[in-house]
Amino acid sequence: SARATTTTTTRASAGAADASSRREALSLFAGAAALSLAKPANAAYGDSANVFGKVSNPTGFLPYAGDGYAFLLPAKYNPTKERPFPNTDCYFEDNFDQVTNISVIVEKSAKSKIEDYGKPEAYLEQLGYLLGVQSYAGQTRSEGGFAANKVSTAAVLDVFTRETKGKTYYMYEILTRTADGDEGGRHQLIAATVSDGTLYIMKLQSGDKRWFKGQERDLKTSWNSFTVA
């Protein structure tokens, strides 16, 4: 398991560079218009444009293009104004469950590639703020699998890298739990990469119960389709 730590992110100002990165992302979609909201497309869309690498565009997903990035969005997700983290560029929630959501963070970076942040396991330490921090600082007993004075845990289920169009992505699958047992824990998927001086972080979340009722397939399809310009 990895121990999460809180970090401070820097807000990026909008400007010409942001507009340029959006144009680059949209250029990946041959003949496609900019999508401020996901719109229907035929099933071969991602394949013919070769946007999503090895991931095909299955039924039930819509192509979404953001500020320098693209991914396949489950059709039953709706955009919201929620911005739980600094520099959140988009945020989508499942129609029936707000706990299940997808978001992308876009911020300036002094790094030229994700490897400059260190190995995937080391970089995970900088992503602790995405997983939630312990809000209770009092004394608790050691029980129910929680260490003394801890009311939340994070177990790393998988860490790996993938290469897409010459860029490396750090990929994480994490299960977080709180002492109250809410939702039986929450599955977190994270993808992070750097392109043209910009750090892109995709975060996907589902409650444990819904994870095993179809959300695992939906969120992992979106996770694996995440691509930057």
# chains A, B, ... in the order shown; residues from 1 in each chain; ligands from 1
>>> select_by_dssp(residues="range 42-127 of chain A", states="helix (DSSP H, G or I)", output="MDAnalysis selection string")
chainID A and resid 45:49 114:117 120:127
>>> residues_around(residues="range 83-99 of chain A", least_positions_apart="2", cutoff="8 Å", atoms="only C-alpha atoms", output="list of chain:residue names")
A:Thr9, A:Thr10, A:Arg11, A:Ala12, A:Gly66, A:Asp67, A:Lys76, A:Tyr77, A:Asn78, A:Pro79, A:Thr80, A:Lys81, A:Asn101, A:Ile102, A:Ser103, A:Val104, A:Ile105, A:Val106, A:Glu107, A:Leu130, A:Gln205, A:Ser206, A:Gly207
>>> select_by_dssp(residues="range 59-224 of chain A", states="strand (DSSP E or B)", output="PyMOL selection string")
chain A and resi 61-65+69-74+77-79+88-94+97-108+143+146+152-164+167-178+186-195+198-207
>>> closest_residue(among="A:Leu127, A:Ala110, A:Ala70, A:Ile190", to="Leu157 in chain A", atoms="only C-alpha atoms")
A:Ile190
>>> closest_residue(among="A:Lys111, A:Arg162, A:Lys119, A:Lys209", to="Ser225 in chain A", atoms="only C-alpha atoms")
A:Arg162
>>> closest_residue(among="A:Leu124, A:Val156, A:Gly118, A:Ala75", to="Ile201 in chain A", atoms="only C-alpha atoms")
A:Leu124
>>> atom_distance(atom1="CA of Gly68 in chain A", atom2="CA of Gly128 in chain A")
24.1 Å
>>> atom_distance(atom1="CA of Thr164 in chain A", atom2="CA of Thr193 in chain A")
10.4 Å
>>> closest_residue(among="A:Tyr129, A:Tyr64, A:Trp211, A:Tyr117", to="Arg186 in chain A", atoms="only C-alpha atoms")
A:Trp211
>>> atom_distance(atom1="CA of Tyr69 in chain A", atom2="CA of Glu115 in chain A")
18.8 Å
>>> residues_around(residues="Thr161 in chain A", least_positions_apart="4", cutoff="7 Å", atoms="only C-alpha atoms", output="list in words")
Thr168, Tyr169, Tyr170 and Met171 of chain A
